[in-house]
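J.: File follows, protein_23.txt with compact mmCIF, C-alpha atoms:
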# COMPACT_ATOMS: atom_id res chain seq x y z
CA MET A 297 138.26 57.01 130.65
CA ASP A 298 135.77 57.16 133.48
CA TYR A 299 134.02 60.56 133.52
CA LEU A 300 131.96 59.72 136.56
CA GLN A 301 134.95 59.84 138.93
CA TYR A 302 135.13 63.61 138.32
CA LEU A 303 131.42 64.30 138.78
CA ARG A 304 129.25 65.01 141.79
CA LEU A 305 126.80 62.28 141.05
CA ASP A 306 124.13 63.60 143.40
CA LYS A 307 123.88 66.72 141.20
CA MET A 308 123.33 64.75 138.00
CA PRO A 309 121.59 64.79 135.56
CA HIS A 310 122.60 68.37 134.79
CA ILE A 311 120.11 71.15 134.00
CA TRP A 312 121.38 71.93 130.49
CA CYS A 313 118.75 71.56 127.77
CA ASP A 314 118.62 68.66 125.37
CA GLY A 315 121.22 69.20 122.68
CA CYS A 316 123.07 71.93 124.58
CA GLY A 317 126.78 71.65 123.82
CA HIS A 318 127.93 72.64 127.30
CA GLY A 319 128.11 69.01 128.40
CA ILE A 320 130.40 68.22 125.47
CA ILE A 321 132.80 70.99 126.52
CA LEU A 322 132.73 69.78 130.12
CA LYS A 323 133.67 66.33 128.88
CA SER A 324 136.54 67.84 126.89
CA ILE A 325 137.81 69.58 130.02
CA LEU A 326 137.58 66.36 132.04
CA ARG A 327 139.38 64.37 129.33
CA SER A 328 142.19 66.93 129.21
CA ILE A 329 142.57 66.89 132.99
CA ASP A 330 142.51 63.09 133.00
CA LYS A 331 145.20 63.01 130.33
CA LEU A 332 147.40 65.38 132.33
CA GLY A 333 146.84 63.21 135.39
CA TRP A 334 146.19 66.12 137.75
CA ASP A 335 144.92 65.46 141.22
CA LYS A 336 141.37 66.65 141.89
CA ASN A 337 142.50 68.56 144.99
CA ASP A 338 144.99 70.64 142.99
CA ILE A 339 142.36 72.04 140.66
CA ALA A 340 140.11 75.00 141.38
CA MET A 341 137.23 75.76 139.05
CA VAL A 342 135.66 79.21 139.22
CA SER A 343 132.61 80.52 137.41
CA GLY A 344 130.24 83.47 137.32
CA ILE A 345 126.57 83.29 136.43
CA GLY A 346 124.92 81.69 133.43
CA CYS A 347 124.26 78.32 131.85
CA SER A 348 127.98 77.66 131.39
CA SER A 349 128.71 78.77 134.93
CA ARG A 350 126.73 75.83 136.27
CA THR A 351 129.74 73.69 135.34
CA PRO A 352 131.59 73.85 138.71
CA GLY A 353 128.46 72.56 140.43
CA TYR A 354 128.80 69.24 138.66
CA VAL A 355 132.52 68.59 139.03
CA ASP A 356 134.31 67.24 142.06
CA PHE A 357 137.16 69.80 142.22
CA ASN A 358 137.59 72.79 144.51
CA THR A 359 134.83 74.93 143.06
CA LEU A 360 133.64 78.48 143.42
CA HIS A 361 130.42 79.90 141.97
CA THR A 362 130.66 83.68 142.12
CA THR A 363 128.81 86.82 141.10
CA HIS A 364 128.01 87.67 137.49
CA GLY A 365 131.11 88.45 135.45
CA ARG A 366 133.44 88.45 138.45
CA ALA A 367 134.81 84.93 138.13
CA LEU A 368 138.18 86.24 136.96
CA ALA A 369 138.47 88.60 139.93
CA PHE A 370 137.91 85.71 142.34
CA ALA A 371 140.24 83.47 140.33
CA THR A 372 143.00 86.11 140.48
CA GLY A 373 142.79 86.19 144.27
CA LEU A 374 142.75 82.43 144.44
CA LYS A 375 145.82 82.06 142.24
CA ILE A 376 147.80 84.69 144.17
CA ALA A 377 146.83 83.25 147.55
CA ASN A 378 147.71 79.70 146.49
CA PRO A 379 149.95 79.60 143.40
CA ARG A 380 150.09 75.80 143.60
CA LEU A 381 146.49 75.52 142.39
CA HIS A 382 145.56 75.01 138.76
CA VAL A 383 142.85 77.64 138.41
CA ILE A 384 140.30 77.11 135.64
CA VAL A 385 137.67 79.74 134.93
CA VAL A 386 134.58 78.71 132.98
CA SER A 387 132.48 81.48 131.60
CA GLY A 388 129.84 82.20 129.03
CA ASP A 389 130.08 84.75 126.25
CA GLY A 390 127.96 87.33 128.08
CA ASP A 391 129.59 86.64 131.43
CA ALA A 392 133.09 87.03 129.96
CA THR A 393 132.69 89.93 127.54
CA ALA A 394 129.71 91.99 128.72
CA ILE A 395 129.34 91.93 132.50
CA GLY A 396 132.93 90.78 133.05
CA GLY A 397 134.40 92.52 130.02
CA ASN A 398 136.78 94.69 132.01
CA HIS A 399 137.96 91.81 134.17
CA PHE A 400 138.59 89.82 131.01
CA ILE A 401 140.75 92.36 129.20
CA HIS A 402 142.70 93.27 132.32
CA ALA A 403 143.32 89.65 133.30
CA ALA A 404 144.71 89.20 129.78
CA ARG A 405 146.80 92.37 130.04
CA ARG A 406 148.25 91.39 133.44
CA ASN A 407 148.80 87.84 132.20
CA ILE A 408 147.40 86.21 135.31
CA ASP A 409 148.18 82.51 135.31
CA VAL A 410 144.66 81.10 134.93
CA THR A 411 143.01 79.13 132.15
CA MET A 412 139.73 80.50 130.89
CA ILE A 413 137.31 78.34 128.92
CA ILE A 414 134.61 80.46 127.27
CA TYR A 415 131.43 78.69 126.17
CA ASN A 416 130.19 80.88 123.34
CA ASN A 417 126.57 80.18 122.38
CA TYR A 418 125.82 83.70 121.05
CA ILE A 419 123.09 84.35 123.60
CA TYR A 420 122.12 84.66 127.27
CA GLY A 421 120.44 81.28 127.41
CA MET A 422 119.53 81.01 131.08
CA THR A 423 117.68 84.31 131.44
CA GLY A 424 115.53 83.91 128.35
CA GLY A 425 117.56 84.53 125.21
CA GLN A 426 118.61 88.16 125.46
CA VAL A 427 121.06 89.55 122.94
CA SER A 428 124.71 89.12 124.02
CA PRO A 429 127.88 90.87 122.79
CA THR A 430 128.63 87.92 120.52
CA THR A 431 125.19 87.57 118.91
CA PRO A 432 125.89 87.87 115.16
CA SER A 433 124.53 90.88 113.34
CA ARG A 434 120.86 90.58 112.22
CA LYS A 435 120.22 87.47 114.30
CA LYS A 436 117.16 87.44 116.49
CA ALA A 437 117.00 87.36 120.28
CA SER A 438 114.25 88.05 122.79
CA THR A 439 115.51 91.63 123.21
CA ALA A 440 116.14 92.03 119.48
CA PRO A 441 113.00 90.54 117.89
CA TYR A 442 113.65 92.16 114.51
CA GLY A 443 117.32 91.30 114.42
CA ASN A 444 120.41 92.45 116.27
CA PRO A 445 121.62 95.79 114.86
CA ASP A 446 125.10 95.55 116.41
CA GLU A 447 128.34 94.02 115.26
CA PRO A 448 129.44 91.09 117.44
CA PHE A 449 132.60 90.83 119.55
CA ASP A 450 135.26 88.44 118.31
CA ILE A 451 136.36 86.97 121.67
CA SER A 452 139.57 85.38 120.42
CA ARG A 453 140.74 88.56 118.69
CA LEU A 454 139.82 90.55 121.80
CA ALA A 455 141.92 88.27 124.00
CA GLN A 456 144.75 88.43 121.49
CA ALA A 457 144.71 92.23 121.42
CA ALA A 458 144.54 92.41 125.22
CA GLY A 459 147.75 90.38 125.49
CA ALA A 460 146.79 86.82 126.48
CA ALA A 461 149.54 84.20 126.30
CA TYR A 462 147.43 81.52 124.63
CA VAL A 463 144.26 81.97 122.59
CA ALA A 464 142.45 79.29 120.61
CA ARG A 465 138.99 78.79 119.18
CA SER A 466 137.18 75.57 118.43
CA THR A 467 133.64 74.23 118.23
CA VAL A 468 131.91 71.37 119.97
CA TYR A 469 131.68 69.56 116.64
CA HIS A 470 135.51 69.50 116.43
CA VAL A 471 135.76 67.65 119.69
CA GLY A 472 139.26 66.24 119.17
CA ARG A 473 140.68 69.66 118.45
CA THR A 474 138.89 71.12 121.47
CA ASP A 475 140.58 68.50 123.67
CA LYS A 476 143.96 69.43 122.25
CA TYR A 477 143.48 73.18 122.72
CA ILE A 478 142.19 72.81 126.28
CA GLU A 479 145.14 70.61 127.17
CA GLN A 480 147.60 73.13 125.71
CA ALA A 481 145.83 75.96 127.54
CA LEU A 482 145.92 74.12 130.85
CA THR A 483 149.66 73.52 130.64
CA LYS A 484 150.41 77.09 129.51
CA THR A 485 151.89 79.51 132.03
CA GLY A 486 150.05 82.81 131.76
CA PHE A 487 146.55 83.83 130.78
CA SER A 488 145.18 81.27 128.35
CA VAL A 489 141.80 81.43 126.67
CA VAL A 490 139.95 78.71 124.78
CA GLU A 491 136.75 79.86 123.13
CA VAL A 492 134.47 76.97 122.27
CA LEU A 493 131.39 77.59 120.14
CA THR A 494 128.42 75.61 121.34
CA PRO A 495 124.87 75.28 120.02
CA CYS A 496 121.97 76.69 122.04
CA PRO A 497 119.00 75.07 120.31
CA THR A 498 116.50 76.27 122.90
CA SER A 499 117.14 80.00 123.02
CA TYR A 500 119.18 80.82 119.93
CA GLY A 501 118.42 78.09 117.40
CA ARG A 502 114.67 78.20 117.87
CA ARG A 503 114.40 81.96 117.33
CA ASN A 504 116.69 81.94 114.33
CA LYS A 505 115.25 78.81 112.71
CA GLU A 506 118.54 76.95 112.85
CA GLY A 507 116.93 73.61 113.64
CA THR A 508 117.93 71.01 116.18
CA ALA A 509 121.22 70.62 118.00
CA VAL A 510 122.33 68.18 115.30
CA ASP A 511 121.57 70.74 112.55
CA MET A 512 123.45 73.42 114.46
CA MET A 513 126.47 71.15 114.89
CA MET A 514 126.42 70.29 111.19
CA ALA A 515 126.37 74.05 110.48
CA GLN A 516 129.47 74.39 112.67
CA LYS A 517 131.14 71.75 110.54
CA ALA A 518 130.14 73.46 107.30
CA ASN A 519 131.10 76.98 108.39
CA SER A 520 134.42 76.33 110.12
CA VAL A 521 137.58 77.50 108.45
CA GLY A 522 141.07 76.81 109.76
CA LEU A 523 143.26 79.79 110.58
CA GLU A 524 145.81 78.93 107.88
CA ARG A 525 143.15 78.64 105.19
CA ALA A 526 141.43 81.82 106.35
CA LYS A 527 144.61 83.82 105.70
CA ASN A 528 144.20 83.31 101.95
CA MET A 529 140.50 84.13 101.90
CA SER A 530 138.90 87.50 101.20
CA GLU A 531 136.55 89.32 103.59
CA GLU A 532 133.50 88.36 101.50
CA GLU A 533 134.44 84.69 101.57
CA LEU A 534 134.86 84.82 105.34
CA GLU A 535 131.41 86.36 105.89
CA GLY A 536 129.56 84.18 108.38
CA LYS A 537 132.46 81.73 108.74
CA ILE A 538 133.97 80.55 112.01
CA ILE A 539 137.75 80.83 112.07
CA THR A 540 139.17 78.09 114.27
CA GLY A 541 142.70 77.40 115.40
CA VAL A 542 145.41 78.66 117.74
CA PHE A 543 145.54 82.45 117.46
CA VAL A 544 148.30 83.10 119.99
CA ASP A 545 150.82 80.82 121.68
CA LYS A 546 153.63 82.86 123.20
CA ASP A 547 155.80 82.76 126.28
CA GLN A 548 155.66 85.81 128.48
CA LYS A 549 156.16 86.47 132.16
CA SER A 550 153.07 85.76 134.23
CA TYR A 551 151.72 88.17 136.83
CA LEU A 552 153.14 86.15 139.71
CA THR A 553 156.67 86.24 138.26
CA ARG A 554 156.48 89.98 137.73
CA TYR A 555 155.06 90.54 141.18
CA ASN A 556 157.83 88.53 142.81
CA GLU A 557 160.38 90.50 140.81
CA VAL A 558 158.99 93.74 142.23
CA VAL A 559 159.10 92.27 145.74
CA GLU A 560 162.69 91.16 145.22
CA GLN A 561 163.70 94.57 143.87
CA ALA A 562 162.10 96.39 146.80
CA ARG A 563 163.88 94.11 149.30
CA ASN A 564 167.24 94.68 147.68
CA ALA A 565 166.75 98.44 147.60
CA LYS A 566 166.81 98.68 151.40
CA MET B 148 134.47 34.49 120.05
CA LYS B 149 132.94 37.72 118.81
CA ASN B 150 134.42 41.03 119.79
CA ILE B 151 131.50 43.34 120.37
CA SER B 152 131.71 46.68 122.18
CA GLU B 153 129.53 47.04 125.20
CA ILE B 154 127.33 50.14 124.89
CA THR B 155 125.52 51.33 128.00
CA ILE B 156 122.89 54.06 127.76
CA ASN B 157 121.81 55.71 130.99
CA GLU B 158 118.14 56.42 130.36
CA GLN B 159 117.87 58.41 133.58
CA TRP B 160 120.30 61.01 132.24
CA CYS B 161 119.56 60.90 128.49
CA LYS B 162 117.62 63.90 127.13
CA SER B 163 117.01 62.44 123.64
CA CYS B 164 118.98 65.06 121.70
CA GLU B 165 119.79 62.42 119.03
CA ILE B 166 123.41 63.55 118.68
CA CYS B 167 124.63 59.97 119.06
CA VAL B 168 122.16 58.72 116.44
CA SER B 169 123.27 61.37 113.93
CA PHE B 170 127.02 61.41 114.41
CA CYS B 171 127.87 57.73 114.79
CA PRO B 172 130.06 56.96 111.75
CA LYS B 173 128.84 53.36 111.61
CA LYS B 174 125.14 54.13 112.28
CA VAL B 175 125.02 51.87 115.30
CA TYR B 176 122.18 53.74 116.97
CA GLU B 177 118.53 53.99 116.17
CA MET B 178 116.04 56.24 117.87
CA GLY B 179 113.59 54.37 120.04
CA ARG B 180 110.39 55.86 121.31
CA PHE B 181 112.13 58.01 123.92
CA TYR B 182 115.78 57.00 124.02
CA PRO B 183 118.37 55.88 121.49
CA ILE B 184 118.90 52.16 121.16
CA ALA B 185 122.22 50.58 120.23
CA ALA B 186 120.60 48.60 117.41
CA ARG B 187 123.76 47.30 115.74
CA PRO B 188 126.47 46.94 118.40
CA GLU B 189 128.31 44.45 116.20
CA ASP B 190 129.09 47.31 113.76
CA CYS B 191 130.64 49.43 116.52
CA ILE B 192 134.33 50.17 115.99
CA ALA B 193 134.72 51.67 119.49
CA CYS B 194 135.76 55.11 118.19
CA LYS B 195 133.87 56.50 121.19
CA LEU B 196 132.63 59.54 119.24
CA CYS B 197 129.15 59.05 120.72
CA GLU B 198 130.64 58.97 124.19
CA LYS B 199 132.60 62.17 123.52
CA LEU B 200 129.64 63.97 121.95
CA CYS B 201 126.96 62.90 124.41
CA PRO B 202 126.32 66.12 126.37
CA ASP B 203 124.52 64.27 129.16
CA PHE B 204 127.18 61.73 130.20
CA ALA B 205 124.62 59.07 129.29
CA ILE B 206 126.68 56.81 127.00
CA ILE B 207 129.55 54.60 128.05
CA VAL B 208 131.29 52.51 125.42
CA THR B 209 133.56 49.72 126.57
CA ALA B 210 135.77 48.50 123.77
CA PRO B 211 136.22 44.76 123.43
CA GLU B 212 139.51 43.41 124.59
CA LYS B 213 141.98 43.23 121.77
CA PRO B 214 142.76 39.68 120.74
CA ASP B 215 146.19 38.61 121.90
CA LEU B 216 148.16 38.28 118.68
CA ASN B 217 151.14 36.60 120.33
CA LYS B 218 149.00 33.77 121.60
CA LYS B 219 149.09 30.66 119.48
Let's see the structure in the file written out as structure tokens.
T.:
Amino acid sequence: MDYLQYLRLDKMPHIWCDGCGHGIILKSILRSIDKLGWDKNDIAMVSGIGCSSRTPGYVDFNTLHTTHGRALAFATGLKIANPRLHVIVVSGDGDATAIGGNHFIHAARRNIDVTMIIYNNYIYGMTGGQVSPTTPSRKKASTAPYGNPDEPFDISRLAQAAGAAYVARSTVYHVGRTDKYIEQALTKTGFSVVEVLTPCPTSYGRRNKEGTAVDMMMAQKANSVGLERAKNMSEEELEGKIITGVFVDKDQKSYLTRYNEVVEQARNAK
Amino acid sequence: MKNISEITINEQWCKSCEICVSFCPKKVYEMGRFYPIAARPEDCIACKLCEKLCPDFAIIVTAPEKPDLNKK
């Protein structure tokens, strides 16, 4: 397929560092959209602030670059104003679960019909490598030079608990699987989340001595465990592993359906 | 006639992360001084893994046309 037809060529090359996996995820999104054959004018891509949130700047859809963490709030308005649009939210781990944490859980609870792709690189890359809610315990960051004392958020489990209709996790190494999950998420009615783990060699890898982007991607390969296999493993065995797979895939009424039901009920009551 | 994939590397966009060099299953690429070089394009099986994994949109692989088996 031709990726360039979806890009704003005057904005290229992109600003992501050498070896950053964000470009690989963007390609996955473009491949999925290409496979579905959607028109560029029917897609709206919304983002907040961060490395990952630069994505809408490079793609030739209807795009919206909003305030930090508030991408979902803007996307909700967009979807309700124009339900015909396919709304895709791209967000980083900090943008989605720290600054926009409340928007995230409530969008999942209300089952708003948007697709959210979360680029999880364990760190705030753009602002200088501060510790994020998903930084693993004891890993170093610029604001945790002796190691992060906290336990990390598990984004997929969080989305699952909050009531999302579709939740999946993959890594940039497993590029075929990422394509599949993003395509399923895009076609799903209701709030769908795909968390993709991506290497940040500049801010995260360098501080934690994880080597180059290639080394970090090989580590993703070595540490990934499928959901089915993980069920038979003990907690000790799963220490430091990445569980990948589809966590949730269920059909439930989206926010728009429920809202229209309320409108209908109120009309009939008169 | 040889069927060789056409591999184009956009040196303006490449950031030399070496992902293509490391992950190509047939070891087609070699690292040049600054940019990867498709050193053995005849080994390419057009799986397009390098194209999928290139974060910088710098690689385009065009598979050779499949030989027409019905033709005699």
J.: Quick one: which residues from chain A are at most 10 Å off chain B, using only C-alpha atoms, as a short mmCIF file (atom, residue, chain, number, x, y, z; two decimals) with C-alpha atoms, keeping the file's coordinate frame?
T.:
data_model
loop_
_atom_site.label_atom_id
_atom_site.label_comp_id
_atom_site.auth_asym_id
_atom_site.auth_seq_id
_atom_site.Cartn_x
_atom_site.Cartn_y
_atom_site.Cartn_z
CA MET A 297 138.26 57.01 130.65
CA ASP A 298 135.77 57.16 133.48
CA TYR A 299 134.02 60.56 133.52
CA LEU A 300 131.96 59.72 136.56
CA LEU A 303 131.42 64.30 138.78
CA MET A 308 123.33 64.75 138.00
CA PRO A 309 121.59 64.79 135.56
CA HIS A 310 122.60 68.37 134.79
CA ILE A 311 120.11 71.15 134.00
CA TRP A 312 121.38 71.93 130.49
CA CYS A 313 118.75 71.56 127.77
CA ASP A 314 118.62 68.66 125.37
CA GLY A 315 121.22 69.20 122.68
CA CYS A 316 123.07 71.93 124.58
CA GLY A 317 126.78 71.65 123.82
CA HIS A 318 127.93 72.64 127.30
CA GLY A 319 128.11 69.01 128.40
CA ILE A 320 130.40 68.22 125.47
CA ILE A 321 132.80 70.99 126.52
CA LEU A 322 132.73 69.78 130.12
CA LYS A 323 133.67 66.33 128.88
CA SER A 324 136.54 67.84 126.89
CA ARG A 327 139.38 64.37 129.33
CA VAL A 468 131.91 71.37 119.97
CA TYR A 469 131.68 69.56 116.64
CA HIS A 470 135.51 69.50 116.43
CA VAL A 471 135.76 67.65 119.69
CA GLY A 472 139.26 66.24 119.17
CA THR A 508 117.93 71.01 116.18
CA ALA A 509 121.22 70.62 118.00
CA VAL A 510 122.33 68.18 115.30
CA ASP A 511 121.57 70.74 112.55
CA MET A 513 126.47 71.15 114.89
CA MET A 514 126.42 70.29 111.19
#
J.: Excluding Gln480 in chain A and any residue of its chain fewer than 5 positions from it, enumerate the residues within 9 Å of it, using all atoms listed in the file, and give them as a PyMOL selection string.
T.: chain A and resi 328+462+475+488
J.: Would you mind reading off the distance between CA of Lys195 in chain B and CA of Ile154 in chain B, one decimal, in Å?
T.: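 Pair CA of Lys195 in chain B / CA of Ile154 in chain B returns 9.8 Å.
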J.: Can you tell me which residues surround range 497-504 of chain A at a distance of at most 9 Å, considering only C-alpha atoms, apart from same-chain residues fewer than 5 positions away, and format the answer as a PDB file with C-alpha atoms, keeping the file's coordinate frame?
T.:
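Saved result, part.pdb, follows:
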ATOM      1  CA  CYS A 313     118.750  71.560 127.770  1.00  0.00           C
ATOM      2  CA  ASP A 314     118.620  68.660 125.370  1.00  0.00           C
ATOM      3  CA  GLY A 315     121.220  69.200 122.680  1.00  0.00           C
ATOM      4  CA  CYS A 316     123.070  71.930 124.580  1.00  0.00           C
ATOM      5  CA  ASN A 417     126.570  80.180 122.380  1.00  0.00           C
ATOM      6  CA  TYR A 418     125.820  83.700 121.050  1.00  0.00           C
ATOM      7  CA  ILE A 419     123.090  84.350 123.600  1.00  0.00           C
ATOM      8  CA  TYR A 420     122.120  84.660 127.270  1.00  0.00           C
ATOM      9  CA  GLY A 421     120.440  81.280 127.410  1.00  0.00           C
ATOM     10  CA  MET A 422     119.530  81.010 131.080  1.00  0.00           C
ATOM     11  CA  GLY A 424     115.530  83.910 128.350  1.00  0.00           C
ATOM     12  CA  GLY A 425     117.560  84.530 125.210  1.00  0.00           C
ATOM     13  CA  GLN A 426     118.610  88.160 125.460  1.00  0.00           C
ATOM     14  CA  LYS A 435     120.220  87.470 114.300  1.00  0.00           C
ATOM     15  CA  LYS A 436     117.160  87.440 116.490  1.00  0.00           C
ATOM     16  CA  ALA A 437     117.000  87.360 120.280  1.00  0.00           C
ATOM     17  CA  SER A 438     114.250  88.050 122.790  1.00  0.00           C
ATOM     18  CA  PRO A 441     113.000  90.540 117.890  1.00  0.00           C
ATOM     19  CA  ALA A 509     121.220  70.620 118.000  1.00  0.00           C
ATOM     20  CA  MET A 512     123.450  73.420 114.460  1.00  0.00           C
TER      21      MET A 512
END
J.: Quick one, how far is CA of Val355 in chain A from CA of Arg406 in chain A?
T.: 28.3 Å
J.: Might you pull out every residue within 9 Å of Leu360 in chain A, with all atoms listed in the file counted and same-chain residues fewer than 5 positions away left off, and present them as a ChimeraX atom specification?
T.: /A:340-344,352-353,367,370-371
J.: What does the distance between CA of Gln561 in chain A and CA of Leu374 in chain A come to in Å, to one decimal place?
T.: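 Distance reported for this atom pair: 24.2 Å.
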J.: Enclose range 188-194 of chain B, meaning all of its atoms listed in the file, in a box aligned along x, y and z, pad it by 4 Å on each side, and list the centre and edge lengths in Å to one decimal, as JSON.
T.:
{"center_x": 131.1, "center_y": 49.8, "center_z": 116.6, "size_x": 17.3, "size_y": 18.7, "size_z": 13.7}
J.: Excluding same-chain residues fewer than 6 positions from range 537-553 of chain A, what lies within 7 Å of it counting all atoms listed in the file, as a PyMOL selection string?
T.: chain A and resi 406-409+456+461-466+485-486+519-523+526
J.: Between A:Asp338, A:Glu479, A:Asp446, A:Asp306, which one has atoms that come closest to Val383 in chain A, using all atoms listed in the file?
T.: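 For Val383 in chain A, the nearest of the given residues is A:Asp338.
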J.: May I have the residues within 10 Å of Ala210 in chain B as a VMD selection string, using all atoms listed in the file and disregarding those fewer than 4 positions away in the same chain?
T.: chain B and resid 150 to 154 191 to 195
